[in-house]
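Asks: Please find one structure pasted underneath; my questions will follow.
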Amino acid sequence: MMQATRDAYGKTLLELGKQNPNIVVLDADLSASTKTASFAKAFPERFFDMGVAEQDMIGTAAGLAASGKIAFASTFAVFGSGRAWDQIRMVVAYTRLNVKVVVTHGGITTGEDGASHQANEDIAIMRALPNMTVVVPADAVETGKVIRAAAEFNGPMYVRLSRAMTPVIYKEESCDFKIGRGIVLREGKNVAIIACGIMVGVALEAADKLAAEKITCRVVDLHTIKPIDKELIIKCAEETGAVVTAEEHSIIGGLGGAVAEVLVENAVVPMARVGVRDTFGESGKPEDLLVKYGLTSGEIVTAVKNVLARKK
Amino acid sequence: MNLVEIAGKLRQHIIMMTCAAASGHPGGSLSAADIITALYFHQMKHDPKNPTWPERDRFVMSKGHAAPVLYAALSESGYFPVNYLKTLRQIGSSLQGHIDMQALPGIEMSTGSLGQGLSAANGMALAAKLDKKDYRIYCLLGDGECQEGQVWEAAMTSSHRKLDNLTAIIDNNKHQIDGKVEDIKNIEPLADKWSSFGWEVFACDGHDIKEIIKTFEQAVKVKGKPTVIIANTIKGKGVSFMETRPLDYHGKAPTPEEEKRAMAELCQIKDFEL
């Protein structure tokens, strides 16, 4: 089954709106794309379309949160992280206000809109902010759980979702999402593949391919980039002796960077990062871009073999 | 103390605090002293003993560098002891160089990166409307700050959402760090700008407390749109050598020798105890 994580966001937000009158939603002229439109239709008095003004949107969300509201503010990942970064830093992270910046169109699978709209740096710049929690769910089922957890959690949070249809890997009842706790999806002895977002599904695919070659992979969904699950990362390194990270984001400063920071200070093992190299994307079909920019199970297989060779 | 005396006291605190800290922004704090006095000692309903009282009026100081005048007003109102003012900008103090809502009860929004306060004030005004509360939001901006694009994004939001529970005040002291506002990047005609953004615009002498209060009373009566008061002020007001050389005292504290001269001038106001 395929479903876009942004669709799960829209659906969950609508349910939460019915349950909690304290939830307000803001968007910056992209409600049809971010899927906040269904909330807008059901609760027009609690929805604020701020127009093309992301900085103002974040400031307004902070004012609403300072008055006791749970504010969800949505736009595309590039604008939500980059255009409004100083606003998020100043009146959301610094103030610890209850604002959830939930962005869609994260990463290269934004596709045809091209480099201007493909956020490949957002995880890095968001996780650099003190007080900020950064979550990248792996599929639509997990997204539903993340959004519910976000509504319960008191404080700033950045949630990064995708535009594209992606495989659903979790079953509703078996997805045990907790902020800051990575999920081991598959056990394996030779290497740990630690992934987030849509690359979790790709990592499972790579693990299948490697199993045919008698290489067993532990696959981890490290949905929370911050606070990072240090314990689990160290355990993965100690028990398998090699780590590969996979993310739909620049290899600079994102999941790979965060995992490398933990490893280098705690458990040095051969490591490789799969992600977008230090480059901007371009227009194209999401599936073609994933191939061109090295975000495939084949790339993960190659990276695994590379770290295994260094292990010896 | 009458309001004029209170404003004088706030000015004395500003000089002493910034001199003790050997840094800070006296010029734009002194220019706002009468506006802040009118707000905290007359216009706003607030309770220093219960800073989070839900029914209170909210004050967002978007020009966060004028922290000393707000700290002075909060301490004189009774939010914290006056002698704590001397910890301004010291390590571990709640009196941060730019205001921090997490550090100090009574601060409604953290500011310091200019241009952001009005958006937050809008959010508070929207929340008041949602909750059917009748508290009001006041937001103080600098004139130089009006060069920030986000101010005008927010200005559109306030009028589009008909936020008549919001009053912005511009501390129009006509100077910014690098020079006169008209020379650096002219913001005039300022009243026309706000008016064309859908605001009801008032102007007043920002150092005549009676006139400030009268203007607040008019602003409160306006229905269906936000109100802005362009308060014409003098940077460094109350200290002669700061008034004549405002650019030297935007972000520079008085020296101990200058403090003495400034205090001598400010102590002309009766009821001051050193």
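As shown in the structure tokens, the chain order sets the letters A, B, ...; within each chain, residues go from 1, and ligands are also counted from 1 in the order they appear.
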Name the residues of region 84-171 of chain A that fall into helix (DSSP H, G or I) according to DSSP on the backbone, using the chain letters and numbers of this document, as a VMD selection string.
Replies: chain A and resid 85 to 93 108 to 113 115 to 117 122 to 127 140 to 152
Asks: Using only C-alpha atoms and a cut-off of 9 Å, which residues of chain B sit close to chain A? Please list them as number ranges by chain.
Replies: B: 54, 100-102, 108-113, 116-128, 130, 150-151, 153-154, 157
Asks: Save out the residues we just selected, N, CA, C and O atoms, as an mmCIF file, in the first residue's frame.
Replies:
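Result file is again_8.cif:
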data_model
loop_
_atom_site.group_PDB
_atom_site.id
_atom_site.type_symbol
_atom_site.label_atom_id
_atom_site.label_comp_id
_atom_site.auth_asym_id
_atom_site.auth_seq_id
_atom_site.Cartn_x
_atom_site.Cartn_y
_atom_site.Cartn_z
ATOM 1 N N PRO B 54 -4.938 35.449 33.746
ATOM 2 C CA PRO B 54 -5.444 35.272 32.376
ATOM 3 C C PRO B 54 -6.111 36.514 31.776
ATOM 4 O O PRO B 54 -6.102 36.692 30.565
ATOM 5 N N ASP B 100 13.668 38.257 27.704
ATOM 6 C CA ASP B 100 13.510 36.807 27.612
ATOM 7 C C ASP B 100 12.331 36.386 28.483
ATOM 8 O O ASP B 100 12.396 36.462 29.709
ATOM 9 N N MET B 101 11.252 35.928 27.846
ATOM 10 C CA MET B 101 10.034 35.575 28.585
ATOM 11 C C MET B 101 10.228 34.368 29.498
ATOM 12 O O MET B 101 9.498 34.205 30.470
ATOM 13 N N GLN B 102 11.184 33.513 29.169
ATOM 14 C CA GLN B 102 11.431 32.344 30.019
ATOM 15 C C GLN B 102 12.175 32.738 31.286
ATOM 16 O O GLN B 102 12.099 32.051 32.287
ATOM 17 N N GLU B 108 6.095 39.121 28.154
ATOM 18 C CA GLU B 108 5.100 38.339 27.409
ATOM 19 C C GLU B 108 5.687 37.647 26.183
ATOM 20 O O GLU B 108 5.120 36.689 25.670
ATOM 21 N N MET B 109 6.780 38.191 25.649
ATOM 22 C CA MET B 109 7.377 37.582 24.458
ATOM 23 C C MET B 109 8.859 37.949 24.406
ATOM 24 O O MET B 109 9.224 39.090 24.685
ATOM 25 N N SER B 110 9.665 36.973 24.067
ATOM 26 C CA SER B 110 11.098 37.226 23.910
ATOM 27 C C SER B 110 11.324 37.953 22.594
ATOM 28 O O SER B 110 10.771 37.557 21.563
ATOM 29 N N THR B 111 12.124 38.982 22.627
ATOM 30 C CA THR B 111 12.425 39.720 21.408
ATOM 31 C C THR B 111 13.897 40.121 21.410
ATOM 32 O O THR B 111 14.615 39.858 22.362
ATOM 33 N N GLY B 112 14.313 40.751 20.354
ATOM 34 C CA GLY B 112 15.707 41.140 20.229
ATOM 35 C C GLY B 112 16.118 41.075 18.761
ATOM 36 O O GLY B 112 16.887 41.905 18.287
ATOM 37 N N SER B 113 15.582 40.081 18.047
ATOM 38 C CA SER B 113 15.726 40.053 16.602
ATOM 39 C C SER B 113 14.557 40.884 16.080
ATOM 40 O O SER B 113 13.391 40.495 16.218
ATOM 41 N N GLN B 116 9.754 41.192 14.862
ATOM 42 C CA GLN B 116 8.965 39.984 15.127
ATOM 43 C C GLN B 116 7.816 40.147 16.111
ATOM 44 O O GLN B 116 6.921 39.316 16.175
ATOM 45 N N GLY B 117 7.839 41.212 16.893
ATOM 46 C CA GLY B 117 6.864 41.334 17.981
ATOM 47 C C GLY B 117 5.423 41.488 17.535
ATOM 48 O O GLY B 117 4.515 40.941 18.156
ATOM 49 N N LEU B 118 5.211 42.208 16.441
ATOM 50 C CA LEU B 118 3.823 42.465 16.032
ATOM 51 C C LEU B 118 3.120 41.173 15.609
ATOM 52 O O LEU B 118 1.928 40.997 15.873
ATOM 53 N N SER B 119 3.851 40.259 14.980
ATOM 54 C CA SER B 119 3.249 38.971 14.624
ATOM 55 C C SER B 119 2.784 38.237 15.874
ATOM 56 O O SER B 119 1.676 37.688 15.921
ATOM 57 N N ALA B 120 3.640 38.224 16.893
ATOM 58 C CA ALA B 120 3.281 37.556 18.145
ATOM 59 C C ALA B 120 2.089 38.250 18.805
ATOM 60 O O ALA B 120 1.179 37.593 19.334
ATOM 61 N N ALA B 121 2.087 39.575 18.758
ATOM 62 C CA ALA B 121 0.965 40.336 19.329
ATOM 63 C C ALA B 121 -0.331 39.984 18.594
ATOM 64 O O ALA B 121 -1.396 39.828 19.213
ATOM 65 N N ASN B 122 -0.242 39.821 17.282
ATOM 66 C CA ASN B 122 -1.411 39.383 16.507
ATOM 67 C C ASN B 122 -1.929 38.035 17.001
ATOM 68 O O ASN B 122 -3.131 37.826 17.125
ATOM 69 N N GLY B 123 -0.989 37.124 17.244
ATOM 70 C CA GLY B 123 -1.380 35.797 17.737
ATOM 71 C C GLY B 123 -2.131 35.900 19.054
ATOM 72 O O GLY B 123 -3.147 35.220 19.269
ATOM 73 N N MET B 124 -1.659 36.780 19.929
ATOM 74 C CA MET B 124 -2.335 36.972 21.220
ATOM 75 C C MET B 124 -3.714 37.606 21.030
ATOM 76 O O MET B 124 -4.680 37.242 21.704
ATOM 77 N N ALA B 125 -3.791 38.528 20.087
ATOM 78 C CA ALA B 125 -5.076 39.190 19.823
ATOM 79 C C ALA B 125 -6.074 38.194 19.227
ATOM 80 O O ALA B 125 -7.266 38.207 19.565
ATOM 81 N N LEU B 126 -5.579 37.308 18.359
ATOM 82 C CA LEU B 126 -6.443 36.272 17.781
ATOM 83 C C LEU B 126 -6.932 35.317 18.869
ATOM 84 O O LEU B 126 -8.107 34.922 18.886
ATOM 85 N N ALA B 127 -6.033 34.966 19.789
ATOM 86 C CA ALA B 127 -6.407 34.064 20.884
ATOM 87 C C ALA B 127 -7.479 34.712 21.763
ATOM 88 O O ALA B 127 -8.443 34.058 22.175
ATOM 89 N N ALA B 128 -7.325 36.006 22.024
ATOM 90 C CA ALA B 128 -8.322 36.711 22.842
ATOM 91 C C ALA B 128 -9.692 36.656 22.178
ATOM 92 O O ALA B 128 -10.712 36.411 22.821
ATOM 93 N N LEU B 130 -10.699 34.387 19.943
ATOM 94 C CA LEU B 130 -11.164 32.992 19.976
ATOM 95 C C LEU B 130 -11.789 32.650 21.325
ATOM 96 O O LEU B 130 -12.818 31.989 21.399
ATOM 97 N N GLN B 150 8.980 41.846 7.988
ATOM 98 C CA GLN B 150 7.959 41.113 8.740
ATOM 99 C C GLN B 150 6.966 42.041 9.423
ATOM 100 O O GLN B 150 5.811 41.658 9.646
ATOM 101 N N VAL B 151 7.397 43.258 9.740
ATOM 102 C CA VAL B 151 6.474 44.225 10.358
ATOM 103 C C VAL B 151 5.262 44.418 9.446
ATOM 104 O O VAL B 151 4.110 44.470 9.900
ATOM 105 N N GLU B 153 4.244 42.359 6.955
ATOM 106 C CA GLU B 153 3.460 41.111 6.873
ATOM 107 C C GLU B 153 2.460 41.100 8.021
ATOM 108 O O GLU B 153 1.274 40.808 7.847
ATOM 109 N N ALA B 154 2.974 41.423 9.207
ATOM 110 C CA ALA B 154 2.128 41.420 10.403
ATOM 111 C C ALA B 154 1.066 42.516 10.324
ATOM 112 O O ALA B 154 -0.088 42.308 10.727
ATOM 113 N N THR B 157 -1.762 41.292 8.479
ATOM 114 C CA THR B 157 -2.535 40.315 9.255
ATOM 115 C C THR B 157 -3.474 41.024 10.227
ATOM 116 O O THR B 157 -4.664 40.698 10.320
#
Asks: Please determine, counting only C-alpha atoms, which residue among A:Gly10, A:Gly241, A:Gly106, A:Pro167 has the shortest atom-to-atom distance to Lys312 (chain A).
Replies: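 Closest candidate: A:Gly241.
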Asks: Per DSSP on the backbone, what are the strand (DSSP E) residues of region 193-235 of chain A, as a PyMOL selection string?
Replies: chain A and resi 193-195+217-221+224-226
Asks: Residues of the last selection are to be written out with all heavy atoms, as a PDB file, in the first residue's frame.
Replies:
ATOM      1  N   ILE A 193      21.703  -0.677   9.666  1.00  0.00           N
ATOM      2  CA  ILE A 193      21.304   0.414   8.765  1.00  0.00           C
ATOM      3  C   ILE A 193      20.334   1.293   9.556  1.00  0.00           C
ATOM      4  O   ILE A 193      19.256   0.849   9.964  1.00  0.00           O
ATOM      5  CB  ILE A 193      20.627  -0.103   7.483  1.00  0.00           C
ATOM      6  CG1 ILE A 193      21.497  -1.168   6.791  1.00  0.00           C
ATOM      7  CG2 ILE A 193      20.348   1.058   6.528  1.00  0.00           C
ATOM      8  CD1 ILE A 193      20.803  -1.855   5.617  1.00  0.00           C
ATOM      9  N   ILE A 194      20.751   2.518   9.775  1.00  0.00           N
ATOM     10  CA  ILE A 194      19.925   3.452  10.546  1.00  0.00           C
ATOM     11  C   ILE A 194      19.360   4.474   9.566  1.00  0.00           C
ATOM     12  O   ILE A 194      20.115   5.168   8.875  1.00  0.00           O
ATOM     13  CB  ILE A 194      20.769   4.142  11.637  1.00  0.00           C
ATOM     14  CG1 ILE A 194      21.339   3.082  12.595  1.00  0.00           C
ATOM     15  CG2 ILE A 194      19.939   5.175  12.384  1.00  0.00           C
ATOM     16  CD1 ILE A 194      22.261   3.651  13.675  1.00  0.00           C
ATOM     17  N   ALA A 195      18.032   4.542   9.490  1.00  0.00           N
ATOM     18  CA  ALA A 195      17.409   5.395   8.479  1.00  0.00           C
ATOM     19  C   ALA A 195      16.287   6.218   9.085  1.00  0.00           C
ATOM     20  O   ALA A 195      15.854   5.979  10.217  1.00  0.00           O
ATOM     21  CB  ALA A 195      16.867   4.527   7.344  1.00  0.00           C
ATOM     22  N   CYS A 217      21.298  -7.632   8.221  1.00  0.00           N
ATOM     23  CA  CYS A 217      21.304  -6.219   8.619  1.00  0.00           C
ATOM     24  C   CYS A 217      20.285  -5.963   9.710  1.00  0.00           C
ATOM     25  O   CYS A 217      19.129  -6.383   9.599  1.00  0.00           O
ATOM     26  CB  CYS A 217      20.951  -5.330   7.432  1.00  0.00           C
ATOM     27  SG  CYS A 217      21.965  -5.598   5.983  1.00  0.00           S
ATOM     28  N   ARG A 218      20.715  -5.211  10.705  1.00  0.00           N
ATOM     29  CA  ARG A 218      19.734  -4.670  11.644  1.00  0.00           C
ATOM     30  C   ARG A 218      19.224  -3.376  11.009  1.00  0.00           C
ATOM     31  O   ARG A 218      20.022  -2.530  10.590  1.00  0.00           O
ATOM     32  CB  ARG A 218      20.398  -4.372  12.982  1.00  0.00           C
ATOM     33  CG  ARG A 218      19.441  -3.742  13.988  1.00  0.00           C
ATOM     34  CD  ARG A 218      20.136  -3.404  15.285  1.00  0.00           C
ATOM     35  NE  ARG A 218      20.521  -4.599  16.014  1.00  0.00           N
ATOM     36  CZ  ARG A 218      21.096  -4.562  17.224  1.00  0.00           C
ATOM     37  NH1 ARG A 218      21.333  -3.414  17.808  1.00  0.00           N
ATOM     38  NH2 ARG A 218      21.415  -5.674  17.835  1.00  0.00           N
ATOM     39  N   VAL A 219      17.919  -3.232  10.921  1.00  0.00           N
ATOM     40  CA  VAL A 219      17.361  -2.011  10.323  1.00  0.00           C
ATOM     41  C   VAL A 219      16.646  -1.206  11.410  1.00  0.00           C
ATOM     42  O   VAL A 219      15.786  -1.734  12.122  1.00  0.00           O
ATOM     43  CB  VAL A 219      16.394  -2.328   9.164  1.00  0.00           C
ATOM     44  CG1 VAL A 219      15.806  -1.041   8.591  1.00  0.00           C
ATOM     45  CG2 VAL A 219      17.111  -3.126   8.078  1.00  0.00           C
ATOM     46  N   VAL A 220      17.047   0.049  11.533  1.00  0.00           N
ATOM     47  CA  VAL A 220      16.486   0.899  12.589  1.00  0.00           C
ATOM     48  C   VAL A 220      15.778   2.099  11.967  1.00  0.00           C
ATOM     49  O   VAL A 220      16.322   2.773  11.090  1.00  0.00           O
ATOM     50  CB  VAL A 220      17.610   1.409  13.531  1.00  0.00           C
ATOM     51  CG1 VAL A 220      17.049   2.397  14.548  1.00  0.00           C
ATOM     52  CG2 VAL A 220      18.294   0.242  14.225  1.00  0.00           C
ATOM     53  N   ASP A 221      14.560   2.337  12.428  1.00  0.00           N
ATOM     54  CA  ASP A 221      13.842   3.568  12.073  1.00  0.00           C
ATOM     55  C   ASP A 221      14.177   4.597  13.150  1.00  0.00           C
ATOM     56  O   ASP A 221      13.621   4.566  14.245  1.00  0.00           O
ATOM     57  CB  ASP A 221      12.326   3.272  12.031  1.00  0.00           C
ATOM     58  CG  ASP A 221      11.494   4.549  11.924  1.00  0.00           C
ATOM     59  OD1 ASP A 221      12.059   5.632  11.649  1.00  0.00           O
ATOM     60  OD2 ASP A 221      10.262   4.457  12.122  1.00  0.00           O
ATOM     61  N   THR A 224      13.337  10.045  15.330  1.00  0.00           N
ATOM     62  CA  THR A 224      13.628  11.291  16.056  1.00  0.00           C
ATOM     63  C   THR A 224      15.106  11.637  15.892  1.00  0.00           C
ATOM     64  O   THR A 224      15.969  10.923  16.389  1.00  0.00           O
ATOM     65  CB  THR A 224      13.277  11.153  17.559  1.00  0.00           C
ATOM     66  OG1 THR A 224      11.918  10.707  17.665  1.00  0.00           O
ATOM     67  CG2 THR A 224      13.426  12.495  18.274  1.00  0.00           C
ATOM     68  N   ILE A 225      15.377  12.715  15.184  1.00  0.00           N
ATOM     69  CA  ILE A 225      16.768  13.111  14.965  1.00  0.00           C
ATOM     70  C   ILE A 225      17.271  13.864  16.191  1.00  0.00           C
ATOM     71  O   ILE A 225      18.445  13.900  16.483  1.00  0.00           O
ATOM     72  CB  ILE A 225      16.900  14.010  13.706  1.00  0.00           C
ATOM     73  CG1 ILE A 225      16.072  13.463  12.543  1.00  0.00           C
ATOM     74  CG2 ILE A 225      18.354  14.183  13.314  1.00  0.00           C
ATOM     75  CD1 ILE A 225      16.466  12.117  12.045  1.00  0.00           C
ATOM     76  N   LYS A 226      16.336  14.508  16.885  1.00  0.00           N
ATOM     77  CA  LYS A 226      16.697  15.205  18.116  1.00  0.00           C
ATOM     78  C   LYS A 226      15.513  15.212  19.065  1.00  0.00           C
ATOM     79  O   LYS A 226      14.440  15.617  18.636  1.00  0.00           O
ATOM     80  CB  LYS A 226      17.122  16.633  17.800  1.00  0.00           C
ATOM     81  CG  LYS A 226      17.719  17.346  18.992  1.00  0.00           C
ATOM     82  CD  LYS A 226      18.052  18.761  18.652  1.00  0.00           C
ATOM     83  CE  LYS A 226      18.643  19.440  19.866  1.00  0.00           C
ATOM     84  NZ  LYS A 226      18.880  20.855  19.601  1.00  0.00           N
TER      85      LYS A 226
END
Asks: If we count only C-alpha atoms and set the cut-off at 8 Å, which residues sit around region 7-18 of chain B, ignoring sequence neighbours fewer than 4 positions away in its own chain? Please answer as a VMD selection string.
Replies: chain B and resid 3 22 to 26 29 to 30 33 to 34 37 68 to 69 72 to 73 76 85 to 88 238 253 to 254 259 262 to 263 266 to 267 269 272
Asks: Which is closer to Thr110 (chain A) than all the others in A:Leu129, A:Leu290, A:Ala272, A:Val159, using only C-alpha atoms?
Replies: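 Checking each of A:Leu129, A:Leu290, A:Ala272, A:Val159 against Thr110 (chain A), counting only C-alpha atoms, the winner is A:Leu290.
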Asks: Identify which of the residues A:Ala149, A:Ala237, A:Ala246, A:Ala206 lies closest to Leu16 (chain A), counting only C-alpha atoms when measuring atom-to-atom distances.
Replies: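 Smallest separation from Leu16 (chain A) among the options: A:Ala149.
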Asks: Excluding Thr227 (chain B) and any residue of its chain fewer than 6 positions from it, enumerate the residues within 7 Å of it, using only C-alpha atoms, and give them as number ranges by chain.
Replies: B: 164, 166-168, 199-201, 219
Asks: Export C-alpha atoms of the chosen residues as a JSON list (two decimals), in the first residue's frame?
Replies:
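Ended up saving to selection35.json:
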[["chain", "number", "residue", "atom", "x", "y", "z"],
["B", 164, "ASP", "CA", -9.38, 46.01, 17.16],
["B", 166, "LEU", "CA", -4.58, 45.49, 19.39],
["B", 167, "THR", "CA", -2.78, 48.83, 19.60],
["B", 168, "ALA", "CA", 0.72, 49.27, 18.20],
["B", 199, "TRP", "CA", -4.88, 50.72, 10.38],
["B", 200, "GLU", "CA", -6.45, 53.63, 12.23],
["B", 201, "VAL", "CA", -3.51, 55.95, 12.81],
["B", 219, "ALA", "CA", -7.56, 54.03, 20.21]]
Asks: Show which residues sit within 10 Å of Ile169 (chain B), as a PyMOL selection string. Count only C-alpha atoms, and ignore same-chain residues fewer than 6 positions away.
Replies: chain B and resi 32+35+61+138-143+201-203+206+216+227-231
Asks: Could you write out the selected residues, including all heavy atoms, as a CSV table (one decimal), in the first residue's frame?
Replies:
chain,number,residue,atom,x,y,z
B,32,ALA,N,11.4,55.8,25.1
B,32,ALA,CA,10.2,55.1,25.4
B,32,ALA,C,9.6,55.2,26.8
B,32,ALA,O,8.6,54.7,27.2
B,32,ALA,CB,10.3,53.6,25.0
B,35,ILE,N,6.0,56.5,27.3
B,35,ILE,CA,5.0,55.6,26.8
B,35,ILE,C,4.8,54.4,27.7
B,35,ILE,O,3.7,54.0,28.1
B,35,ILE,CB,5.5,55.0,25.4
B,35,ILE,CG1,5.7,56.2,24.4
B,35,ILE,CG2,4.6,54.0,24.8
B,35,ILE,CD1,6.5,55.8,23.2
B,61,MET,N,7.0,44.0,23.7
B,61,MET,CA,8.0,45.0,23.3
B,61,MET,C,8.8,44.5,22.2
B,61,MET,O,9.8,43.8,22.4
B,61,MET,CB,8.8,45.4,24.5
B,61,MET,CG,9.6,46.7,24.2
B,61,MET,SD,10.4,47.4,25.6
B,61,MET,CE,11.7,46.3,25.8
B,138,TYR,N,-0.9,45.4,23.6
B,138,TYR,CA,-0.2,46.6,23.1
B,138,TYR,C,1.2,46.1,22.6
B,138,TYR,O,1.8,45.2,23.2
B,138,TYR,CB,0.0,47.5,24.3
B,138,TYR,CG,-1.3,48.1,24.8
B,138,TYR,CD1,-2.0,47.4,25.8
B,138,TYR,CD2,-1.8,49.2,24.3
B,138,TYR,CE1,-3.3,47.9,26.3
B,138,TYR,CE2,-3.1,49.7,24.7
B,138,TYR,CZ,-3.8,49.1,25.7
B,138,TYR,OH,-5.0,49.6,26.1
B,139,CYS,N,1.7,46.7,21.6
B,139,CYS,CA,3.0,46.3,21.0
B,139,CYS,C,3.8,47.6,20.7
B,139,CYS,O,3.3,48.4,19.9
B,139,CYS,CB,2.7,45.5,19.7
B,139,CYS,SG,4.2,44.9,18.9
B,140,LEU,N,5.0,47.6,21.2
B,140,LEU,CA,5.8,48.8,21.0
B,140,LEU,C,6.9,48.4,19.9
B,140,LEU,O,7.6,47.5,20.1
B,140,LEU,CB,6.5,49.2,22.3
B,140,LEU,CG,7.5,50.4,22.1
B,140,LEU,CD1,6.7,51.7,21.9
B,140,LEU,CD2,8.3,50.6,23.4
B,141,LEU,N,7.0,49.2,18.9
B,141,LEU,CA,8.0,49.0,17.8
B,141,LEU,C,8.9,50.3,17.7
B,141,LEU,O,8.4,51.4,18.1
B,141,LEU,CB,7.3,48.8,16.5
B,141,LEU,CG,6.4,47.6,16.3
B,141,LEU,CD1,5.0,48.0,16.5
B,141,LEU,CD2,6.6,47.1,14.9
B,142,GLY,N,10.1,50.1,17.3
B,142,GLY,CA,10.9,51.2,17.0
B,142,GLY,C,10.6,51.7,15.6
B,142,GLY,O,10.1,51.0,14.7
B,143,ASP,N,11.0,53.0,15.3
B,143,ASP,CA,10.8,53.5,13.9
B,143,ASP,C,11.8,52.8,13.0
B,143,ASP,O,11.4,52.4,11.9
B,143,ASP,CB,10.8,55.0,13.9
B,143,ASP,CG,12.1,55.6,14.5
B,143,ASP,OD1,12.8,54.9,15.2
B,143,ASP,OD2,12.3,56.8,14.4
B,201,VAL,N,-4.8,55.4,12.4
B,201,VAL,CA,-3.5,55.9,12.8
B,201,VAL,C,-3.7,57.2,13.7
B,201,VAL,O,-4.5,58.1,13.4
B,201,VAL,CB,-2.7,56.4,11.6
B,201,VAL,CG1,-1.3,56.9,12.0
B,201,VAL,CG2,-2.5,55.2,10.6
B,202,PHE,N,-3.0,57.2,14.8
B,202,PHE,CA,-3.0,58.3,15.7
B,202,PHE,C,-1.6,58.8,15.8
B,202,PHE,O,-0.6,58.0,15.6
B,202,PHE,CB,-3.5,58.0,17.1
B,202,PHE,CG,-5.0,57.5,17.1
B,202,PHE,CD1,-5.3,56.2,16.9
B,202,PHE,CD2,-6.0,58.4,17.3
B,202,PHE,CE1,-6.6,55.7,17.0
B,202,PHE,CE2,-7.3,58.0,17.3
B,202,PHE,CZ,-7.6,56.6,17.1
B,203,ALA,N,-1.4,60.1,16.2
B,203,ALA,CA,-0.1,60.6,16.5
B,203,ALA,C,-0.1,61.4,17.8
B,203,ALA,O,-1.2,61.9,18.1
B,203,ALA,CB,0.4,61.5,15.3
B,206,GLY,N,5.2,61.8,22.2
B,206,GLY,CA,5.5,60.7,23.0
B,206,GLY,C,6.1,61.0,24.4
B,206,GLY,O,6.5,60.0,25.1
B,216,PHE,N,-4.5,56.8,23.9
B,216,PHE,CA,-4.9,55.4,24.1
B,216,PHE,C,-6.4,55.3,24.3
B,216,PHE,O,-7.0,54.4,23.7
B,216,PHE,CB,-4.3,54.9,25.5
B,216,PHE,CG,-2.8,54.4,25.3
B,216,PHE,CD1,-1.9,54.8,26.3
B,216,PHE,CD2,-2.5,53.6,24.3
B,216,PHE,CE1,-0.6,54.3,26.2
B,216,PHE,CE2,-1.1,53.1,24.2
B,216,PHE,CZ,-0.2,53.5,25.1
B,227,THR,N,-5.3,49.6,15.7
B,227,THR,CA,-4.9,51.0,15.9
B,227,THR,C,-3.4,51.2,16.1
B,227,THR,O,-2.8,50.3,16.7
B,227,THR,CB,-5.6,51.7,17.1
B,227,THR,OG1,-5.5,50.8,18.2
B,227,THR,CG2,-7.1,51.9,16.8
B,228,VAL,N,-2.8,52.2,15.5
B,228,VAL,CA,-1.4,52.5,15.8
B,228,VAL,C,-1.2,53.9,16.2
B,228,VAL,O,-1.9,54.8,15.7
B,228,VAL,CB,-0.5,52.1,14.5
B,228,VAL,CG1,-1.0,53.0,13.3
B,228,VAL,CG2,1.0,52.4,14.8
B,229,ILE,N,-0.3,54.1,17.2
B,229,ILE,CA,0.0,55.4,17.7
B,229,ILE,C,1.4,55.7,17.3
B,229,ILE,O,2.3,55.0,17.7
B,229,ILE,CB,-0.2,55.5,19.2
B,229,ILE,CG1,-1.7,55.2,19.6
B,229,ILE,CG2,0.2,56.9,19.7
B,229,ILE,CD1,-1.9,55.0,21.1
B,230,ILE,N,1.6,56.7,16.5
B,230,ILE,CA,2.9,57.2,16.2
B,230,ILE,C,3.3,58.2,17.3
B,230,ILE,O,2.8,59.3,17.3
B,230,ILE,CB,3.1,57.8,14.8
B,230,ILE,CG1,2.7,56.7,13.8
B,230,ILE,CG2,4.5,58.3,14.5
B,230,ILE,CD1,2.6,57.1,12.3
B,231,ALA,N,4.1,57.7,18.2
B,231,ALA,CA,4.5,58.6,19.3
B,231,ALA,C,5.8,59.3,19.0
B,231,ALA,O,6.9,58.6,18.8
B,231,ALA,CB,4.7,57.7,20.6
Asks: Excluding Gly107 (chain A) and residues on its chain fewer than 5 positions from it, collect all residues at most 10 Å away from it, counting only C-alpha atoms, and give them as an MDAnalysis selection string.
Replies: chainID A and resid 77:78 115 117:123 160:164 197:198 247:250 276 281 286 290
Asks: What's around Gly144 (chain B) at 7 Å? Count only C-alpha atoms, leave out sequence neighbours fewer than 4 positions away in its own chain, and write the answer as a PyMOL selection string.
Replies: chain B and resi 175-176+181
Asks: Using only C-alpha atoms, please write the residues we just selected to a file, as a short mmCIF file (atom, residue, chain, number, x, y, z; two decimals), in the first residue's frame.
Replies:
data_model
loop_
_atom_site.label_atom_id
_atom_site.label_comp_id
_atom_site.auth_asym_id
_atom_site.auth_seq_id
_atom_site.Cartn_x
_atom_site.Cartn_y
_atom_site.Cartn_z
CA HIS B 175 17.37 57.52 14.83
CA GLN B 176 18.82 54.08 14.28
CA VAL B 181 16.31 56.95 9.88
#
Asks: Between CA of Gln96 (chain B) and CA of Gly28 (chain B), what is the distance in Å, rounded to a tenth?
Replies: 16.3 Å
Asks: Which value, in Å to one decimal, gives the distance between CA of Lys221 (chain B) and CA of Phe59 (chain B)?
Replies: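 Separation of CA of Lys221 (chain B) and CA of Phe59 (chain B): 18.5 Å.
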Asks: Identify which of the residues B:Val60, B:Cys146, B:Ile91, B:Leu39 lies closest to Thr215 (chain B), counting only C-alpha atoms when measuring atom-to-atom distances.
Replies: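 Ranking B:Val60, B:Cys146, B:Ile91, B:Leu39 by distance to Thr215 (chain B), first place goes to B:Leu39.
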